[in-house]
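Enquirer: My structure is stored as my_file39.pdb, with PDB, C-alpha atoms.
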ATOM      1  CA  MET A  71       3.684 -33.363   7.662
ATOM      2  CA  LEU A  72       0.776 -31.571   9.322
ATOM      3  CA  LEU A  73      -0.491 -28.271   7.903
ATOM      4  CA  THR A  74       0.627 -26.361  11.013
ATOM      5  CA  GLU A  75       4.119 -27.873  10.865
ATOM      6  CA  ALA A  76       4.382 -26.985   7.182
ATOM      7  CA  TRP A  77       3.326 -23.410   7.965
ATOM      8  CA  GLN A  78       6.102 -22.934  10.536
ATOM      9  CA  ILE A  79       8.767 -23.950   8.007
ATOM     10  CA  TYR A  80       7.094 -21.978   5.189
ATOM     11  CA  ALA A  81       6.892 -18.798   7.282
ATOM     12  CA  ALA A  82      10.541 -19.127   8.305
ATOM     13  CA  ASP A  83      11.605 -19.569   4.667
ATOM     14  CA  LYS A  84       9.641 -16.516   3.548
ATOM     15  CA  GLN A  85      11.020 -14.439   6.391
ATOM     16  CA  ILE A  86      14.543 -15.323   5.258
ATOM     17  CA  GLU A  87      13.573 -14.350   1.704
ATOM     18  CA  GLY A  88      12.631 -10.892   2.971
ATOM     19  CA  PHE A  89       8.827 -11.036   3.041
ATOM     20  CA  SER A  90       7.419  -8.199   5.134
ATOM     21  CA  PRO A  91       5.699  -8.876   8.489
ATOM     22  CA  HIS A  92       2.506  -7.438   6.983
ATOM     23  CA  THR A  93       2.561  -9.974   4.132
ATOM     24  CA  LEU A  94       3.303 -12.868   6.465
ATOM     25  CA  LYS A  95       0.478 -11.781   8.759
ATOM     26  CA  GLY A  96      -1.934 -11.946   5.821
ATOM     27  CA  TYR A  97      -0.608 -15.365   4.816
ATOM     28  CA  LYS A  98      -0.994 -16.589   8.393
ATOM     29  CA  ILE A  99      -4.662 -15.586   8.369
ATOM     30  CA  GLN A 100      -5.204 -17.529   5.126
ATOM     31  CA  HIS A 101      -3.409 -20.569   6.542
ATOM     32  CA  ASN A 102      -5.521 -20.482   9.708
ATOM     33  CA  LEU A 103      -8.648 -20.532   7.541
ATOM     34  CA  LEU A 104      -7.337 -23.650   5.790
ATOM     35  CA  VAL A 105      -6.704 -25.413   9.105
ATOM     36  CA  ARG A 106     -10.100 -24.352  10.457
ATOM     37  CA  TYR A 107     -11.804 -25.912   7.414
ATOM     38  CA  PHE A 108      -9.775 -29.112   6.973
ATOM     39  CA  GLY A 109      -8.409 -29.589  10.474
ATOM     40  CA  ASP A 110      -4.705 -30.048  11.102
ATOM     41  CA  ILE A 111      -4.380 -32.821   8.533
ATOM     42  CA  ASP A 112      -1.364 -34.197   6.701
ATOM     43  CA  ILE A 113      -0.518 -31.880   3.803
ATOM     44  CA  GLU A 114      -0.059 -34.909   1.516
ATOM     45  CA  THR A 115      -3.749 -35.772   1.780
ATOM     46  CA  VAL A 116      -5.044 -32.468   0.339
ATOM     47  CA  THR A 117      -6.342 -32.813  -3.227
ATOM     48  CA  LEU A 118      -7.458 -30.403  -5.947
ATOM     49  CA  PRO A 119     -11.174 -31.268  -5.440
ATOM     50  CA  ASP A 120     -10.691 -30.601  -1.705
ATOM     51  CA  LEU A 121      -9.290 -27.138  -2.421
ATOM     52  CA  LYS A 122     -12.042 -26.332  -4.907
ATOM     53  CA  ARG A 123     -14.665 -27.357  -2.385
ATOM     54  CA  TYR A 124     -12.970 -25.194   0.233
ATOM     55  CA  LEU A 125     -13.018 -22.162  -2.060
ATOM     56  CA  VAL A 126     -16.688 -22.677  -2.928
ATOM     57  CA  ASP A 127     -17.735 -23.197   0.696
ATOM     58  CA  THR A 128     -15.740 -20.308   2.161
ATOM     59  CA  GLY A 129     -15.320 -17.882  -0.727
ATOM     60  CA  SER A 130     -18.808 -17.430  -2.159
ATOM     61  CA  HIS A 131     -19.315 -14.203  -0.175
ATOM     62  CA  LEU A 132     -15.929 -12.743  -1.074
ATOM     63  CA  LYS A 133     -15.194 -10.071  -3.633
ATOM     64  CA  PRO A 134     -13.197 -11.343  -6.638
ATOM     65  CA  SER A 135     -10.101  -9.501  -5.387
ATOM     66  CA  SER A 136     -10.319 -11.146  -1.940
ATOM     67  CA  LEU A 137     -10.962 -14.564  -3.453
ATOM     68  CA  GLY A 138      -7.997 -14.016  -5.756
ATOM     69  CA  MET A 139      -5.768 -13.266  -2.776
ATOM     70  CA  ARG A 140      -6.901 -16.497  -1.099
ATOM     71  CA  ILE A 141      -6.133 -18.508  -4.234
ATOM     72  CA  ARG A 142      -2.713 -16.869  -4.608
ATOM     73  CA  PHE A 143      -1.749 -17.923  -1.095
ATOM     74  CA  ILE A 144      -2.966 -21.498  -1.625
ATOM     75  CA  ARG A 145      -1.023 -21.800  -4.882
ATOM     76  CA  ALA A 146       2.140 -20.347  -3.325
ATOM     77  CA  PHE A 147       1.890 -22.521  -0.215
ATOM     78  CA  PHE A 148       1.359 -25.827  -2.028
ATOM     79  CA  ARG A 149       3.896 -24.990  -4.737
ATOM     80  CA  TRP A 150       6.461 -24.459  -1.986
ATOM     81  CA  ALA A 151       5.413 -27.714  -0.264
ATOM     82  CA  SER A 152       5.781 -29.605  -3.535
ATOM     83  CA  GLU A 153       9.178 -28.079  -4.366
ATOM     84  CA  GLU A 154      10.452 -28.843  -0.853
ATOM     85  CA  GLY A 155       9.255 -32.449  -1.059
ATOM     86  CA  TYR A 156       6.612 -32.223   1.666
ATOM     87  CA  CYS A 157       3.849 -33.397  -0.673
ATOM     88  CA  PRO A 158       4.200 -35.566  -3.821
ATOM     89  CA  GLY A 159       2.471 -33.136  -6.162
ATOM     90  CA  ASN A 160       1.014 -29.657  -6.225
ATOM     91  CA  PRO A 161      -2.790 -29.975  -5.838
ATOM     92  CA  ALA A 162      -3.241 -26.213  -6.286
ATOM     93  CA  ARG A 163      -1.447 -26.041  -9.637
ATOM     94  CA  LYS A 164      -4.635 -25.840 -11.709
ATOM     95  CA  LEU A 165      -6.432 -23.268  -9.540
ATOM     96  CA  ARG A 166      -7.182 -20.041 -11.401
ATOM     97  CA  GLU A 167      -7.939 -16.610 -10.008
ATOM     98  CA  PRO A 168     -11.253 -14.931 -10.881
ATOM     99  CA  LYS A 169     -11.119 -12.247 -13.552
ATOM    100  CA  LEU A 170     -11.143  -8.745 -12.164
ATOM    101  CA  GLY A 171     -12.651  -5.690 -13.755
ATOM    102  CA  GLN A 172     -10.081  -2.932 -14.150
ATOM    103  CA  ARG A 173     -10.469  -0.411 -11.365
ATOM    104  CA  VAL A 174      -9.238   3.090 -12.064
ATOM    105  CA  PRO A 175      -8.000   4.758  -8.875
ATOM    106  CA  LYS A 176      -9.721   8.086  -8.308
ATOM    107  CA  ALA A 177      -7.724  11.237  -7.724
ATOM    108  CA  LEU A 178      -8.574  14.609  -6.271
ATOM    109  CA  SER A 179      -8.706  17.533  -8.648
ATOM    110  CA  GLU A 180      -6.017  20.160  -8.143
ATOM    111  CA  GLU A 181      -8.733  22.499  -6.825
ATOM    112  CA  ASP A 182      -9.855  19.907  -4.252
ATOM    113  CA  THR A 183      -6.233  19.386  -3.234
ATOM    114  CA  VAL A 184      -5.879  23.100  -2.490
ATOM    115  CA  MET A 185      -9.121  23.023  -0.500
ATOM    116  CA  LEU A 186      -7.754  20.119   1.540
ATOM    117  CA  GLN A 187      -4.515  21.980   2.206
ATOM    118  CA  GLU A 188      -6.387  25.085   3.318
ATOM    119  CA  ALA A 189      -8.520  23.031   5.727
ATOM    120  CA  CYS A 190      -5.427  22.231   7.828
ATOM    121  CA  ARG A 191      -5.441  24.099  11.131
ATOM    122  CA  THR A 192      -2.332  23.017  12.984
ATOM    123  CA  VAL A 193       1.309  23.027  11.949
ATOM    124  CA  PHE A 194       1.286  19.247  12.268
ATOM    125  CA  GLU A 195      -1.717  18.849   9.928
ATOM    126  CA  HIS A 196      -0.077  21.113   7.341
ATOM    127  CA  ALA A 197       3.205  19.203   7.586
ATOM    128  CA  LEU A 198       1.562  15.783   7.224
ATOM    129  CA  VAL A 199      -0.808  16.627   4.361
ATOM    130  CA  GLU A 200       1.812  18.606   2.397
ATOM    131  CA  PHE A 201       4.409  15.882   2.874
ATOM    132  CA  MET A 202       2.119  13.017   1.857
ATOM    133  CA  TYR A 203       0.788  14.822  -1.204
ATOM    134  CA  SER A 204       4.116  16.172  -2.486
ATOM    135  CA  THR A 205       5.991  12.861  -2.039
ATOM    136  CA  GLY A 206       3.282  10.417  -3.113
ATOM    137  CA  CYS A 207       4.352   8.138  -0.260
ATOM    138  CA  ARG A 208       2.298   5.213   0.964
ATOM    139  CA  ILE A 209       1.079   5.718   4.515
ATOM    140  CA  GLY A 210       3.225   2.817   5.714
ATOM    141  CA  GLU A 211       6.302   4.530   4.280
ATOM    142  CA  VAL A 212       5.466   7.742   6.144
ATOM    143  CA  TYR A 213       4.850   5.772   9.341
ATOM    144  CA  ARG A 214       8.357   4.262   9.248
ATOM    145  CA  LEU A 215      10.184   7.537   8.556
ATOM    146  CA  ASN A 216      12.578   9.037  11.100
ATOM    147  CA  ARG A 217      13.413  12.718  11.194
ATOM    148  CA  ASN A 218      17.117  12.090  10.566
ATOM    149  CA  ALA A 219      16.117  10.654   7.173
ATOM    150  CA  ILE A 220      15.301  14.130   5.855
ATOM    151  CA  ASN A 221      17.816  15.685   3.456
ATOM    152  CA  TRP A 222      16.925  19.370   3.731
ATOM    153  CA  GLU A 223      19.433  20.539   1.138
ATOM    154  CA  ASN A 224      17.982  18.244  -1.507
ATOM    155  CA  ARG A 225      14.401  18.308  -0.106
ATOM    156  CA  SER A 226      14.317  14.521  -0.221
ATOM    157  CA  CYS A 227      14.400  11.420   1.938
ATOM    158  CA  ILE A 228      14.878   7.673   1.537
ATOM    159  CA  VAL A 229      11.758   5.637   2.253
ATOM    160  CA  LEU A 230      11.360   1.895   2.676
ATOM    161  CA  GLY A 231       8.674   0.700   0.286
ATOM    162  CA  LYS A 232       7.055  -2.623  -0.560
ATOM    163  CA  GLY A 233       9.378  -5.603  -0.494
ATOM    164  CA  ASP A 234      11.783  -3.597   1.708
ATOM    165  CA  LYS A 235      12.923  -1.656  -1.377
ATOM    166  CA  GLU A 236      14.439   1.742  -0.719
ATOM    167  CA  ARG A 237      13.778   4.730  -2.959
ATOM    168  CA  GLU A 238      14.397   8.455  -2.845
ATOM    169  CA  VAL A 239      11.354  10.723  -2.772
ATOM    170  CA  PHE A 240      11.234  14.496  -2.998
ATOM    171  CA  PHE A 241       8.973  17.048  -1.344
ATOM    172  CA  SER A 242       7.901  20.583  -2.198
ATOM    173  CA  ILE A 243       9.149  23.872  -0.759
ATOM    174  CA  LYS A 244       5.790  24.299   0.966
ATOM    175  CA  ALA A 245       6.133  20.858   2.580
ATOM    176  CA  ALA A 246       9.678  21.726   3.693
ATOM    177  CA  ILE A 247       8.498  24.963   5.337
ATOM    178  CA  TRP A 248       5.723  23.230   7.296
ATOM    179  CA  LEU A 249       7.975  20.293   8.237
ATOM    180  CA  LYS A 250      10.625  22.651   9.623
ATOM    181  CA  LYS A 251       7.998  24.544  11.630
ATOM    182  CA  TYR A 252       6.583  21.279  12.966
ATOM    183  CA  LEU A 253       9.958  19.828  13.964
ATOM    184  CA  ALA A 254      11.130  23.146  15.461
ATOM    185  CA  GLY A 255       8.078  23.121  17.738
ATOM    186  CA  ARG A 256       8.703  19.591  18.997
ATOM    187  CA  LYS A 257      10.050  19.278  22.545
ATOM    188  CA  ASP A 258      10.477  15.502  22.521
ATOM    189  CA  THR A 259      13.498  13.434  21.546
ATOM    190  CA  ASP A 260      11.653  10.669  19.692
ATOM    191  CA  ILE A 261      13.329   9.755  16.406
ATOM    192  CA  ALA A 262      10.049   9.370  14.484
ATOM    193  CA  LEU A 263       9.156  12.029  11.922
ATOM    194  CA  PHE A 264       5.546  12.233  13.111
ATOM    195  CA  VAL A 265       4.608  11.633  16.747
ATOM    196  CA  THR A 266       1.528  11.783  18.936
ATOM    197  CA  GLU A 267       0.850  14.957  20.915
ATOM    198  CA  ARG A 268       0.434  13.261  24.293
ATOM    199  CA  LYS A 269       3.469  11.370  25.573
ATOM    200  CA  PRO A 270       5.116  11.703  22.120
ATOM    201  CA  HIS A 271       5.858   8.435  20.375
ATOM    202  CA  ARG A 272       5.694   7.245  16.772
ATOM    203  CA  MET A 273       2.230   7.865  15.377
ATOM    204  CA  SER A 274       0.544   4.669  14.178
ATOM    205  CA  ILE A 275      -0.806   4.123  10.674
ATOM    206  CA  ALA A 276      -4.356   4.294  12.030
ATOM    207  CA  GLN A 277      -3.618   7.619  13.739
ATOM    208  CA  LEU A 278      -2.039   9.086  10.598
ATOM    209  CA  ARG A 279      -5.062   7.969   8.589
ATOM    210  CA  TYR A 280      -7.394   9.564  11.141
ATOM    211  CA  VAL A 281      -5.647  12.934  10.839
ATOM    212  CA  VAL A 282      -6.070  12.962   7.056
ATOM    213  CA  LYS A 283      -9.748  12.021   7.411
ATOM    214  CA  ARG A 284     -10.204  14.726  10.055
ATOM    215  CA  VAL A 285      -8.799  17.409   7.763
ATOM    216  CA  ALA A 286     -10.875  16.121   4.847
ATOM    217  CA  LYS A 287     -14.066  16.232   6.895
ATOM    218  CA  ARG A 288     -13.330  19.849   7.772
ATOM    219  CA  SER A 289     -12.762  20.797   4.129
ATOM    220  CA  GLU A 290     -15.428  21.291   1.472
ATOM    221  CA  VAL A 291     -14.142  18.423  -0.652
ATOM    222  CA  ALA A 292     -17.084  16.227  -1.619
ATOM    223  CA  ASP A 293     -15.037  13.141  -2.528
ATOM    224  CA  ASN A 294     -14.058  10.519   0.023
ATOM    225  CA  VAL A 295     -10.493  11.417   1.028
ATOM    226  CA  TYR A 296      -8.010   8.910   2.449
ATOM    227  CA  PRO A 297      -4.207   8.773   2.482
ATOM    228  CA  HIS A 298      -3.835   6.582  -0.607
ATOM    229  CA  LYS A 299      -5.984   8.996  -2.610
ATOM    230  CA  LEU A 300      -3.267  11.594  -2.027
ATOM    231  CA  ARG A 301      -0.858   9.157  -3.698
ATOM    232  CA  HIS A 302      -3.259   8.711  -6.632
ATOM    233  CA  SER A 303      -3.586  12.482  -6.877
ATOM    234  CA  TYR A 304       0.188  12.965  -6.831
ATOM    235  CA  ALA A 305       0.618  10.539  -9.739
ATOM    236  CA  THR A 306      -2.274  11.966 -11.743
ATOM    237  CA  HIS A 307      -1.198  15.574 -11.297
ATOM    238  CA  LEU A 308       2.366  14.697 -12.352
ATOM    239  CA  LEU A 309       1.038  13.073 -15.514
ATOM    240  CA  ASN A 310      -1.385  15.908 -16.262
ATOM    241  CA  ASN A 311       1.509  18.356 -15.980
ATOM    242  CA  GLY A 312       3.548  16.467 -18.569
ATOM    243  CA  ALA A 313       5.751  14.123 -16.514
ATOM    244  CA  PRO A 314       6.848  10.984 -18.429
ATOM    245  CA  MET A 315       5.295   7.719 -17.302
ATOM    246  CA  GLU A 316       8.682   6.110 -16.620
ATOM    247  CA  GLY A 317       9.614   8.979 -14.307
ATOM    248  CA  ILE A 318       6.347   8.651 -12.379
ATOM    249  CA  GLN A 319       6.972   4.905 -12.089
ATOM    250  CA  THR A 320      10.336   5.569 -10.436
ATOM    251  CA  LEU A 321       8.927   8.187  -8.062
ATOM    252  CA  LEU A 322       6.094   5.879  -6.983
ATOM    253  CA  GLY A 323       8.394   2.884  -6.577
ATOM    254  CA  HIS A 324       6.439   0.620  -8.923
ATOM    255  CA  THR A 325       8.142  -2.478 -10.293
ATOM    256  CA  LYS A 326       5.816  -2.699 -13.297
ATOM    257  CA  LEU A 327       4.908   0.165 -15.605
ATOM    258  CA  GLU A 328       1.395  -1.299 -15.947
ATOM    259  CA  THR A 329       0.739  -0.477 -12.289
ATOM    260  CA  THR A 330       1.756   3.144 -12.821
ATOM    261  CA  MET A 331      -0.453   3.400 -15.893
ATOM    262  CA  LEU A 332      -3.413   2.338 -13.768
ATOM    263  CA  TYR A 333      -2.549   4.833 -11.027
ATOM    264  CA  ALA A 334      -1.921   7.808 -13.260
ATOM    265  CA  GLN A 335      -5.013   8.435 -15.336
ATOM    266  CA  LEU A 336      -5.215  11.537 -17.491
ATOM    267  CA  SER A 337      -7.984  13.915 -16.510
ATOM    268  CA  GLY A 338     -10.741  14.796 -18.978
ATOM    269  CA  PRO A 339      -9.348  18.242 -19.915
ATOM    270  CA  ARG A 340      -5.855  16.803 -20.414
ATOM    271  CA  ARG A 341      -7.180  14.009 -22.645
ATOM    272  CA  LYS A 342      -9.114  16.552 -24.706
ATOM    273  CA  GLU A 343      -5.995  18.717 -25.022
ATOM    274  CA  ILE A 344      -3.991  15.756 -26.358
ATOM    275  CA  TYR A 345      -6.793  14.803 -28.757
ATOM    276  CA  THR A 346      -7.054  18.364 -30.098
ATOM    277  CA  ARG A 347      -3.293  18.711 -30.429
ATOM    278  CA  TYR A 348      -2.518  15.426 -32.170
ATOM    279  CA  PHE A 349      -5.656  14.402 -34.084
TER     280      PHE A 349
END
Take the structure from the file and write it as structure tokens.
Expert:
Amino acid sequence: MLLTEAWQIYAADKQIEGFSPHTLKGYKIQHNLLVRYFGDIDIETVTLPDLKRYLVDTGSHLKPSSLGMRIRFIRAFFRWASEEGYCPGNPARKLREPKLGQRVPKALSEEDTVMLQEACRTVFEHALVEFMYSTGCRIGEVYRLNRNAINWENRSCIVLGKGDKEREVFFSIKAAIWLKKYLAGRKDTDIALFVTERKPHRMSIAQLRYVVKRVAKRSEVADNVYPHKLRHSYATHLLNNGAPMEGIQTLLGHTKLETTMLYAQLSGPRRKEIYTRYF
């Protein structure tokens, strides 16, 4: 079976399993790189030395995280091919990902968060920034939200997270006030929670990201501000204010507690407070 034929069946299988279009798009890019390097050859002819040579020739300029992603796709693809009987063995079985240094996500201080909020000029900017910060949502989750998803009585909504997993998130009173003002001022009938000003339609992820960057540039916050940093800040501020790690894990929609522990890092003053109190 040719590599391109194997990909068509693989992609269909993963779509049935519920893989997101975003994930499949990334896998498709990795598969295209394989075909560009080897040609559209029979999948049975690919060997472990071939794959190692491919990774050396094409991955020397990559960061360890990007190289790791490439290796993960190769292992998954050839494991599937082996299990389905399209190749006699799994040539990628012995491939190992590069070791990664632990990266601690950076969060805004509570003072910087207030400065960012005060830099908002329009009702829309206030609604977006307040909503993203007080829910800790990923930008893709905000992008997919419709206005009928809002539960005003409970100040919550159901978002669709990674792996198409639903979870309930909550937002602050301030976010609710700005959201109501924003929606009350809308004249369109589009179902999306956030829409473009001209010819209103669902605002894209890139457009949402641009608005956050625009507000940040206007503020006096020195740190680089982007939507996911608001999520880091949400988690860190919850932890600094005494929220249990398991609760933060649920609010963020993390499957593993280890991921939450990386996101939510105690600030210096909070660490010192704990040291003073318990040592």
Enquirer: Written as a list in words, which residues does the PyMOL selection byres ((chain A and resi 189) around 7) give for the file shown?
Expert: Met185, Leu186, Gln187, Glu188, Cys190, Arg191, Val285, Arg288 and Ser289 of chain A
Enquirer: Taking only C-alpha atoms into account, which of A:Arg279, A:Asp83, A:Leu300, A:Thr330 comes nearest Val184 of chain A?
Expert: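 Looking only at the distances to Val184 of chain A, the closest residue turns out to be A:Leu300.
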Enquirer: Nearest residue to Ile79 of chain A out of A:Ala151, A:Leu263, A:Val229, A:Leu249, using all atoms listed in the file?
Expert: A:Ala151
Enquirer: Could you check which of A:Ile247, A:Met273, A:Leu94, A:Val239 is closest to Asp260 of chain A, using only C-alpha atoms?
Expert: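 Of A:Ile247, A:Met273, A:Leu94, A:Val239, the one nearest Asp260 of chain A is A:Met273, counting only C-alpha atoms.
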Enquirer: Measuring atom to atom with all atoms listed in the file, identify which of A:Lys176, A:Lys164, A:Lys169, A:Lys122 is nearest to Thr306 of chain A.
Expert: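 Selected residue with least distance to Thr306 of chain A: A:Lys176.
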Enquirer: If you measure from atom CA of Val281 of chain A to atom CA of Leu178 of chain A, what distance in Å do you get, rounded to one decimal?
Expert: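 Going from atom CA of Val281 of chain A over to atom CA of Leu178 of chain A covers 17.4 Å.
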Enquirer: With all atoms listed in the file as the basis for distance, which of A:Arg217, A:Lys251, A:Arg301, A:Arg106 is at the shortest distance from Leu322 of chain A?
Expert: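 Checking each of A:Arg217, A:Lys251, A:Arg301, A:Arg106 against Leu322 of chain A, counting all atoms listed in the file, the winner is A:Arg301.
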Enquirer: Please write the residues picked by the PyMOL selection byres ((chain A and resi 146) around 12) on this file as an MDAnalysis selection string.
Expert: chainID A and resid 77 80:81 84 97 100:101 139:145 147:153 160:163 165
Enquirer: Do you have the atom CA of Ser303 of chain A-atom CA of Glu328 of chain A distance handy?
Expert: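 Answer for the atom CA of Ser303 of chain A to atom CA of Glu328 of chain A separation: 17.2 Å.
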Enquirer: Which is closer to Phe201 of chain A than all the others in A:Val291, A:Leu118, A:Val282, A:Leu73, using all atoms listed in the file?
Expert: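 With all atoms listed in the file as the atom set, the closest residue is A:Val282.
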Enquirer: Care to translate the PyMOL selection byres ((chain A and resi 252-256) around 12) into actual residues of this file, as a PyMOL selection string?
Expert: chain A and resi 192-198+200-201+216-218+220+245-251+257-271
